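Enquirer: Input structure: target_35.txt, which contains compact mmCIF, C-alpha atoms and all ligand atoms.
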```
# COMPACT_ATOMS: atom_id res chain seq x y z
CA MET A 1 35.48 8.32 19.38
CA PRO A 2 31.71 8.17 18.73
CA ASN A 3 30.39 5.04 16.99
CA ASP A 4 29.44 5.17 13.31
CA PRO A 5 25.68 5.65 12.87
CA ALA A 6 23.73 2.39 12.49
CA CYS A 7 22.40 2.04 8.95
CA ILE A 8 18.65 1.39 8.69
CA LEU A 9 17.10 0.26 5.41
CA ILE A 10 13.44 1.24 5.08
CA LEU A 11 11.54 -0.64 2.38
CA GLY A 12 9.17 2.16 1.48
CA GLY A 13 6.41 3.26 -0.84
CA THR A 14 3.92 4.24 1.87
CA ARG A 15 3.04 7.30 3.92
CA GLU A 16 4.24 5.52 7.10
CA ALA A 17 7.62 4.81 5.49
CA ARG A 18 8.05 8.50 4.68
CA GLU A 19 7.05 9.50 8.21
CA LEU A 20 9.48 7.01 9.72
CA ALA A 21 12.35 8.26 7.53
CA GLU A 22 11.57 11.84 8.52
CA ARG A 23 11.71 10.93 12.22
CA LEU A 24 14.88 8.83 11.96
CA VAL A 25 17.03 11.24 9.91
CA ASP A 26 16.98 13.73 12.78
CA ASP A 27 18.68 11.19 15.07
CA ALA A 28 22.47 11.21 14.78
CA ARG A 29 22.64 7.54 15.88
CA PHE A 30 21.15 6.44 12.57
CA HIS A 31 21.83 6.63 8.86
CA VAL A 32 18.64 6.06 6.87
CA ILE A 33 18.26 4.62 3.37
CA THR A 34 14.74 4.33 1.93
CA SER A 35 14.21 1.93 -0.94
CA LEU A 36 11.43 2.56 -3.46
CA ALA A 37 10.27 0.06 -6.06
CA GLY A 38 10.15 2.80 -8.71
CA ARG A 39 6.53 2.20 -9.74
CA THR A 40 5.64 5.90 -9.47
CA GLY A 41 7.34 8.32 -11.85
CA ASP A 42 6.87 11.25 -9.51
CA PRO A 43 7.15 9.90 -5.93
CA GLU A 44 6.57 12.15 -2.94
CA PRO A 45 9.84 13.45 -1.40
CA VAL A 46 11.52 11.24 1.22
CA ALA A 47 13.97 12.43 3.90
CA GLY A 48 17.46 10.88 3.94
CA GLU A 49 19.13 8.74 1.29
CA VAL A 50 16.88 7.12 -1.33
CA ARG A 51 17.55 4.26 -3.73
CA VAL A 52 15.12 3.21 -6.45
CA GLY A 53 14.35 -0.12 -8.16
CA GLY A 54 14.18 -3.83 -7.33
CA PHE A 55 17.14 -5.53 -5.64
CA GLY A 56 17.00 -8.68 -7.76
CA GLY A 57 15.11 -11.04 -5.44
CA VAL A 58 16.30 -12.37 -2.09
CA THR A 59 19.88 -12.76 -3.34
CA GLY A 60 20.10 -9.14 -4.46
CA LEU A 61 18.55 -7.90 -1.23
CA LYS A 62 21.02 -9.93 0.84
CA GLU A 63 23.89 -8.48 -1.18
CA PHE A 64 22.61 -4.95 -0.65
CA VAL A 65 22.21 -5.53 3.10
CA GLY A 66 25.80 -6.78 3.29
CA SER A 67 27.47 -4.14 1.10
CA ALA A 68 25.62 -1.19 2.67
CA ARG A 69 26.31 -2.61 6.18
CA ILE A 70 22.64 -2.51 7.09
CA ALA A 71 22.03 -3.06 10.82
CA LEU A 72 18.24 -3.25 10.60
CA VAL A 73 15.60 -3.52 7.87
CA VAL A 74 12.16 -1.98 8.34
CA ASP A 75 9.59 -3.37 5.96
CA ALA A 76 7.19 -0.43 5.67
CA THR A 77 5.81 -1.43 2.28
CA HIS A 78 2.10 -1.55 1.50
CA PRO A 79 0.19 -4.37 3.29
CA PHE A 80 -0.45 -5.95 -0.16
CA ALA A 81 3.20 -5.87 -1.30
CA ALA A 82 3.64 -9.56 -0.43
CA GLN A 83 6.62 -10.34 -2.67
CA ILE A 84 9.03 -7.78 -1.25
CA SER A 85 7.87 -8.52 2.31
CA GLY A 86 8.49 -12.23 1.80
CA ASN A 87 11.92 -11.47 0.32
CA ALA A 88 12.78 -9.23 3.26
CA ALA A 89 11.78 -11.91 5.79
CA LEU A 90 13.89 -14.52 3.99
CA ALA A 91 16.89 -12.20 3.62
CA SER A 92 16.67 -11.47 7.33
CA ALA A 93 16.54 -15.16 8.26
CA GLU A 94 19.56 -15.88 6.04
CA THR A 95 21.74 -12.89 7.06
CA GLY A 96 20.75 -12.55 10.73
CA VAL A 97 20.03 -8.83 10.16
CA PRO A 98 16.67 -8.18 11.87
CA CYS A 99 13.65 -7.16 9.80
CA PHE A 100 10.75 -5.43 11.54
CA GLN A 101 7.44 -4.86 9.81
CA LEU A 102 5.52 -1.61 10.06
CA VAL A 103 1.99 -2.50 9.07
CA ARG A 104 -1.08 -0.35 9.61
CA PRO A 105 -4.14 -2.01 11.16
CA CYS A 106 -6.85 -3.38 8.85
CA TRP A 107 -10.15 -1.56 8.47
CA VAL A 108 -12.84 -3.27 10.51
CA GLN A 109 -16.41 -3.68 9.26
CA THR A 110 -19.09 -1.82 11.21
CA ALA A 111 -22.77 -2.78 11.54
CA ASP A 112 -23.63 -0.21 8.84
CA ASP A 113 -21.15 -1.50 6.26
CA ARG A 114 -22.25 -3.81 3.43
CA TRP A 115 -19.01 -5.69 2.76
CA SER A 116 -18.43 -8.98 1.02
CA HIS A 117 -15.04 -10.42 1.85
CA VAL A 118 -12.90 -11.98 -0.87
CA ALA A 119 -9.38 -13.38 -0.81
CA ASP A 120 -7.84 -11.83 -3.89
CA ILE A 121 -8.23 -9.70 -7.01
CA GLU A 122 -9.61 -12.53 -9.19
CA ALA A 123 -12.28 -13.36 -6.62
CA ALA A 124 -13.19 -9.66 -6.40
CA ALA A 125 -13.67 -9.41 -10.17
CA LYS A 126 -15.92 -12.51 -10.13
CA GLU A 127 -17.98 -11.17 -7.22
CA ILE A 128 -19.31 -8.15 -9.15
CA SER A 129 -22.91 -8.58 -10.37
CA SER A 130 -23.61 -8.29 -14.07
CA GLY A 131 -24.70 -4.78 -15.06
CA ALA A 132 -22.92 -3.15 -12.10
CA ARG A 133 -21.10 0.19 -12.22
CA ALA A 134 -17.96 -0.60 -10.20
CA LEU A 135 -15.48 1.84 -8.71
CA VAL A 136 -12.26 -0.18 -8.71
CA THR A 137 -9.46 1.13 -6.48
CA VAL A 138 -6.86 -1.65 -6.58
CA GLY A 139 -4.02 0.09 -8.46
CA ARG A 140 -3.21 0.10 -12.15
CA GLN A 141 -1.20 -3.12 -12.04
CA GLU A 142 -4.20 -5.21 -11.00
CA VAL A 143 -7.15 -3.85 -12.99
CA ALA A 144 -6.98 -6.39 -15.85
CA PRO A 145 -9.46 -8.94 -14.34
CA PHE A 146 -12.05 -6.14 -14.01
CA PHE A 147 -11.53 -4.94 -17.59
CA ALA A 148 -12.07 -8.55 -18.69
CA ARG A 149 -15.67 -8.33 -17.38
CA GLN A 150 -17.52 -7.08 -20.50
CA ASP A 151 -20.85 -7.09 -18.64
CA ILE A 152 -20.01 -4.32 -16.14
CA HIS A 153 -18.96 -0.68 -16.32
CA VAL A 154 -15.59 -0.06 -14.62
CA VAL A 155 -14.46 3.25 -13.16
CA ALA A 156 -10.82 2.54 -12.25
CA ARG A 157 -8.97 5.01 -10.06
CA MET A 158 -5.18 5.01 -10.06
CA ILE A 159 -2.22 7.33 -9.50
CA GLU A 160 -0.33 6.79 -12.76
CA PRO A 161 -1.85 6.28 -16.23
CA LEU A 162 -2.32 2.81 -17.70
CA ASP A 163 0.25 1.55 -20.14
CA THR A 164 -2.36 -0.57 -21.95
CA ASN A 165 -5.46 0.41 -23.96
CA LEU A 166 -8.64 1.21 -22.11
CA PRO A 167 -11.63 -1.00 -23.02
CA ASP A 168 -14.87 0.72 -24.13
CA HIS A 169 -16.74 -0.26 -20.97
CA ALA A 170 -14.17 1.39 -18.67
CA GLU A 171 -12.99 4.84 -17.64
CA ILE A 172 -9.97 5.99 -15.66
CA ILE A 173 -9.67 8.56 -12.91
CA LEU A 174 -6.10 9.68 -12.19
CA ALA A 175 -5.77 10.93 -8.60
CA ARG A 176 -3.48 10.62 -5.61
CA PRO A 177 -4.76 10.11 -2.02
CA PRO A 178 -5.75 11.44 0.46
CA PHE A 179 -9.46 11.67 -0.45
CA SER A 180 -12.08 13.05 1.93
CA GLN A 181 -15.43 11.40 2.62
CA GLN A 182 -17.17 14.33 0.86
CA GLN A 183 -15.03 13.95 -2.26
CA GLU A 184 -15.68 10.23 -2.32
CA ARG A 185 -19.41 10.67 -1.83
CA ARG A 186 -19.52 13.07 -4.78
CA LEU A 187 -17.59 10.59 -6.91
CA LEU A 188 -19.89 7.68 -6.03
CA GLU A 189 -22.95 9.79 -6.80
CA ASP A 190 -21.64 11.48 -9.99
CA ARG A 191 -20.58 8.17 -11.55
CA ARG A 192 -23.69 6.32 -10.26
CA ILE A 193 -21.49 3.68 -8.64
CA THR A 194 -23.34 0.55 -7.51
CA VAL A 195 -20.36 -1.32 -6.00
CA LEU A 196 -16.93 -0.35 -4.65
CA VAL A 197 -13.92 -2.67 -4.91
CA SER A 198 -11.16 -2.05 -2.38
CA LYS A 199 -8.15 -3.74 -0.84
CA ASN A 200 -8.22 -3.74 2.96
CA SER A 201 -5.31 -1.32 2.98
CA GLY A 202 -6.08 0.32 6.31
CA GLY A 203 -5.02 3.84 7.24
CA GLY A 204 -6.79 7.15 6.91
CA ALA A 205 -5.76 8.39 3.47
CA THR A 206 -8.18 6.17 1.54
CA TYR A 207 -10.77 5.47 4.24
CA GLY A 208 -13.05 8.23 2.90
CA LYS A 209 -14.41 5.90 0.19
CA ILE A 210 -15.37 3.31 2.82
CA LYS A 211 -17.20 5.94 4.87
CA ALA A 212 -18.91 7.36 1.77
CA ALA A 213 -20.03 3.87 0.70
CA ARG A 214 -21.42 3.31 4.21
CA GLU A 215 -23.25 6.64 4.08
CA LEU A 216 -24.83 5.85 0.70
CA GLY A 217 -25.46 2.15 1.35
CA VAL A 218 -23.15 1.16 -1.52
CA PRO A 219 -21.85 -2.42 -1.15
CA VAL A 220 -18.08 -2.95 -0.91
CA ILE A 221 -16.12 -5.94 -2.17
CA MET A 222 -13.27 -6.01 0.34
CA ILE A 223 -10.09 -7.86 -0.62
CA GLY A 224 -8.35 -9.42 2.41
CA ARG A 225 -4.63 -9.03 3.04
CA PRO A 226 -2.06 -11.60 2.03
CA VAL A 227 -0.47 -13.52 4.91
CA MET A 228 2.85 -12.00 5.98
CA ARG A 229 5.76 -13.78 7.61
CA SER A 230 7.53 -11.18 9.74
CA SER A 231 7.55 -11.95 13.46
CA THR A 232 8.28 -8.46 14.83
CA THR A 233 5.71 -5.88 13.88
CA ALA A 234 4.55 -2.42 14.87
CA SER A 235 1.25 -0.88 13.82
CA SER A 236 2.34 2.76 14.03
CA VAL A 237 5.39 4.91 13.38
CA ASP A 238 5.61 5.62 17.12
CA GLY A 239 5.61 1.89 17.86
CA MET A 240 8.35 1.31 15.29
CA MET A 241 10.45 4.15 16.75
CA THR A 242 10.26 2.43 20.14
CA LEU A 243 11.25 -0.94 18.68
CA ILE A 244 14.19 0.59 16.81
CA GLY A 245 15.35 2.51 19.87
CA ARG A 246 15.32 -0.70 21.95
CA THR A 247 17.14 -2.71 19.30
CA LEU A 248 19.86 -0.32 18.14
CA ASP A 249 20.57 1.59 21.33
P1 LIG A 301 5.60 -6.62 -4.55
O1 LIG A 301 4.71 -7.29 -5.53
O2 LIG A 301 5.65 -7.13 -3.18
O3 LIG A 301 7.09 -6.61 -5.11
C1 LIG A 301 7.45 -6.95 -6.45
C2 LIG A 301 8.91 -6.63 -6.64
O4 LIG A 301 9.10 -5.22 -6.68
C3 LIG A 301 9.81 -7.09 -5.49
O5 LIG A 301 10.14 -8.45 -5.63
C4 LIG A 301 10.98 -6.16 -5.64
O6 LIG A 301 11.82 -6.53 -6.74
C5 LIG A 301 10.33 -4.87 -6.04
N1 LIG A 301 10.00 -4.01 -4.90
C6 LIG A 301 8.80 -3.87 -4.25
N2 LIG A 301 8.90 -2.94 -3.29
C7 LIG A 301 10.17 -2.51 -3.30
C8 LIG A 301 10.87 -1.54 -2.55
N3 LIG A 301 10.26 -0.82 -1.59
N4 LIG A 301 12.19 -1.35 -2.83
C9 LIG A 301 12.80 -2.05 -3.83
N5 LIG A 301 12.18 -2.97 -4.58
C10 LIG A 301 10.89 -3.19 -4.33
O7 LIG A 301 5.29 -5.07 -4.46
P2 LIG A 301 4.21 -4.19 -5.25
O8 LIG A 301 2.86 -4.60 -4.79
O9 LIG A 301 4.55 -4.19 -6.69
O10 LIG A 301 4.52 -2.78 -4.60
C11 LIG A 301 5.65 -2.03 -5.00
C12 LIG A 301 5.78 -0.81 -4.13
O11 LIG A 301 4.58 -0.03 -4.19
C13 LIG A 301 6.01 -1.14 -2.65
O12 LIG A 301 7.05 -0.30 -2.18
C14 LIG A 301 4.69 -0.83 -1.97
O13 LIG A 301 4.84 -0.32 -0.67
C15 LIG A 301 4.08 0.22 -2.89
N6 LIG A 301 2.59 0.13 -2.94
C16 LIG A 301 1.98 -1.06 -3.22
C17 LIG A 301 0.61 -1.13 -3.21
C18 LIG A 301 -0.10 -2.44 -3.47
O14 LIG A 301 -1.36 -2.45 -3.38
N7 LIG A 301 0.59 -3.54 -3.74
C19 LIG A 301 -0.13 0.02 -2.96
C20 LIG A 301 0.53 1.22 -2.68
C21 LIG A 301 1.90 1.25 -2.67
P3 LIG A 301 13.13 -7.43 -6.53
O15 LIG A 301 12.63 -8.81 -6.28
O16 LIG A 301 13.86 -7.24 -7.81
O17 LIG A 301 13.87 -6.87 -5.34
```
Once you've parsed the file, please lay out its structure as structure tokens.
Ligand code: NAP
Expert:
Amino acid sequence: MPNDPACILILGGTREARELAERLVDDARFHVITSLAGRTGDPEPVAGEVRVGGFGGVTGLKEFVGSARIALVVDATHPFAAQISGNAALASAETGVPCFQLVRPCWVQTADDRWSHVADIEAAAKEISSGARALVTVGRQEVAPFFARQDIHVVARMIEPLDTNLPDHAEIILARPPFSQQQERRLLEDRRITVLVSKNSGGGATYGKIKAARELGVPVIMIGRPVMRSSTTASSVDGMMTLIGRTLD
């Protein structure tokens, strides 16, 4: 009798997670469950089984891994989703179920880029010069420190609307990546942006703003990634497919 398919839990919320799920569901050796945090009301479709919402910390994640008979966890969350990645690494250490991380490479500064490097959101908000017109692309959950700066104008781009009031010195753009370099150039010019604030997310879908800033000589405040704990990583969906094939064959 053939073996039951091995159950793979993908911690998702990224383009790479969706691509990985799409590749794995076609393979009869695997059953794929993607977990979404539930931050987006209208998430893009994901192949295979999907569950939504937090697990309830490390304990809840360990329980889920046990009850769903997960053979392997792939942490394909955003490079800045440090909490869930830390939880996944701990749950793996405590259950013995392997957790591999799929993490896209960082963007690397070129000679033509004007970046200042900061460690976190608070440092980024402090780094902006008084009187600046800042395009802030850090997500709606982390815009508060920028809104607190009364001496700058904030153009905050996000996917979902804010659930708090917008201060007078700020405006919101609702849009979902990908964005081309041309679109981003137009945005920087139309809103007379003097500084761009970005996480070093990596990947192509939001790199257009970095290229447009380079083209226009607009300085970028680049927020570095949090330190992650996973020992086994792949930087591409292809690389992760190889790792999974080797591990679960
Ligand atoms: P986070 O701070 O690392 O996680 C906070 C809590 O949200 C976790 O402790 C967990 O709750 C829950 N959670 C996060 N991701 C989950 C998932 N895939 N499945 C189930 N529960 C999850 O994460 P975040 O920065 O809020 O990001 C949430 C999601 O949005 C992630 O899936 C991430 O890939 C995506 N995202 C994040 C960013 C970003 O800049 N942070 C950008 C784009 C997309 P419990 O402790 O209750 O399990």
Enquirer: Would you tabulate, counting all atoms listed in the file, all residues of chain A that have an atom at most 6 Å from an atom of ligand LIG 301 (chain A), showing the closest pair of atoms and their distance in Å to one decimal, sorted by chain then ascending number, as a tab-separated table?
Expert:
```
residue	atom	partner	partner_atom	distance
A:Leu11	CA	A:LIG301	N3	4.2
A:Gly12	CA	A:LIG301	N3	4.4
A:Gly13	CA	A:LIG301	O12	3.9
A:Thr14	CA	A:LIG301	O13	5.3
A:Ser35	CA	A:LIG301	N4	4.3
A:Leu36	CA	A:LIG301	N4	4.0
A:Ala37	CA	A:LIG301	C10	3.7
A:Gly53	CA	A:LIG301	C9	5.0
A:Gly54	CA	A:LIG301	O16	3.5
A:Phe55	CA	A:LIG301	O17	3.5
A:Gly56	CA	A:LIG301	O16	3.5
A:Gly57	CA	A:LIG301	O15	3.4
A:Thr77	CA	A:LIG301	O13	3.3
A:His78	CA	A:LIG301	O13	3.7
A:Phe80	CA	A:LIG301	N7	4.4
A:Ala81	CA	A:LIG301	O2	3.3
A:Ala82	CA	A:LIG301	O2	4.2
A:Gln83	CA	A:LIG301	O2	3.4
A:Ile84	CA	A:LIG301	O2	3.9
```
Enquirer: Those residues you just picked out, can you put them in a file as a PDB file, keeping the file's coordinate frame with C-alpha atoms?
Expert:
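Final output, saved to out-v7.pdb:
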```pdb
ATOM      1  CA  LEU A  11      11.540  -0.640   2.380  1.00  0.00           C
ATOM      2  CA  GLY A  12       9.170   2.160   1.480  1.00  0.00           C
ATOM      3  CA  GLY A  13       6.410   3.260  -0.840  1.00  0.00           C
ATOM      4  CA  THR A  14       3.920   4.240   1.870  1.00  0.00           C
ATOM      5  CA  SER A  35      14.210   1.930  -0.940  1.00  0.00           C
ATOM      6  CA  LEU A  36      11.430   2.560  -3.460  1.00  0.00           C
ATOM      7  CA  ALA A  37      10.270   0.060  -6.060  1.00  0.00           C
ATOM      8  CA  GLY A  53      14.350  -0.120  -8.160  1.00  0.00           C
ATOM      9  CA  GLY A  54      14.180  -3.830  -7.330  1.00  0.00           C
ATOM     10  CA  PHE A  55      17.140  -5.530  -5.640  1.00  0.00           C
ATOM     11  CA  GLY A  56      17.000  -8.680  -7.760  1.00  0.00           C
ATOM     12  CA  GLY A  57      15.110 -11.040  -5.440  1.00  0.00           C
ATOM     13  CA  THR A  77       5.810  -1.430   2.280  1.00  0.00           C
ATOM     14  CA  HIS A  78       2.100  -1.550   1.500  1.00  0.00           C
ATOM     15  CA  PHE A  80      -0.450  -5.950  -0.160  1.00  0.00           C
ATOM     16  CA  ALA A  81       3.200  -5.870  -1.300  1.00  0.00           C
ATOM     17  CA  ALA A  82       3.640  -9.560  -0.430  1.00  0.00           C
ATOM     18  CA  GLN A  83       6.620 -10.340  -2.670  1.00  0.00           C
ATOM     19  CA  ILE A  84       9.030  -7.780  -1.250  1.00  0.00           C
TER      20      ILE A  84
END
```
Enquirer: Restricting the calculation to only C-alpha atoms, which member of A:Val136, A:Ile8, A:Ile193, A:Ile159 is positioned closest to Val97 in chain A?
Expert: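 Under the stated criterion, the closest residue is A:Ile8.
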Enquirer: Quick one: pull the distance between CA of Met241 in chain A and CA of Glu63 in chain A, Å, one decimal.
Expert: 25.7 Å
Enquirer: Please determine the residues with any atom at most 10 Å from (-20.2, -5.8, -9.6) (coordinates as given in the file, with all atoms listed in the file counting) and report them as JSON, numbers by chain.
Expert: {"A": [124, 125, 126, 127, 128, 129, 130, 131, 132, 133, 134, 135, 136, 146, 149, 151, 152, 153, 154, 193, 194, 195, 196, 197, 219, 220, 221]}
Enquirer: Which polymer residues, whether protein, DNA or RNA, lie within 10 Å of the coordinate (-21.6, -6.2, 4.2) when you count only C-alpha atoms? List them as JSON, numbers by chain, using the chain letters and numbers from the file.
Expert: {"A": [109, 110, 111, 112, 113, 114, 115, 116, 117, 214, 217, 218, 219, 220, 221, 222]}
Enquirer: Output C-alpha atoms for every residue in that selection, as a compact mmCIF listing (two decimals), keeping the file's coordinate frame.
Expert:
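Dumped to out_28.txt:
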```txt
# COMPACT_ATOMS: atom_id res chain seq x y z
CA GLN A 109 -16.41 -3.68 9.26
CA THR A 110 -19.09 -1.82 11.21
CA ALA A 111 -22.77 -2.78 11.54
CA ASP A 112 -23.63 -0.21 8.84
CA ASP A 113 -21.15 -1.50 6.26
CA ARG A 114 -22.25 -3.81 3.43
CA TRP A 115 -19.01 -5.69 2.76
CA SER A 116 -18.43 -8.98 1.02
CA HIS A 117 -15.04 -10.42 1.85
CA ARG A 214 -21.42 3.31 4.21
CA GLY A 217 -25.46 2.15 1.35
CA VAL A 218 -23.15 1.16 -1.52
CA PRO A 219 -21.85 -2.42 -1.15
CA VAL A 220 -18.08 -2.95 -0.91
CA ILE A 221 -16.12 -5.94 -2.17
CA MET A 222 -13.27 -6.01 0.34
```
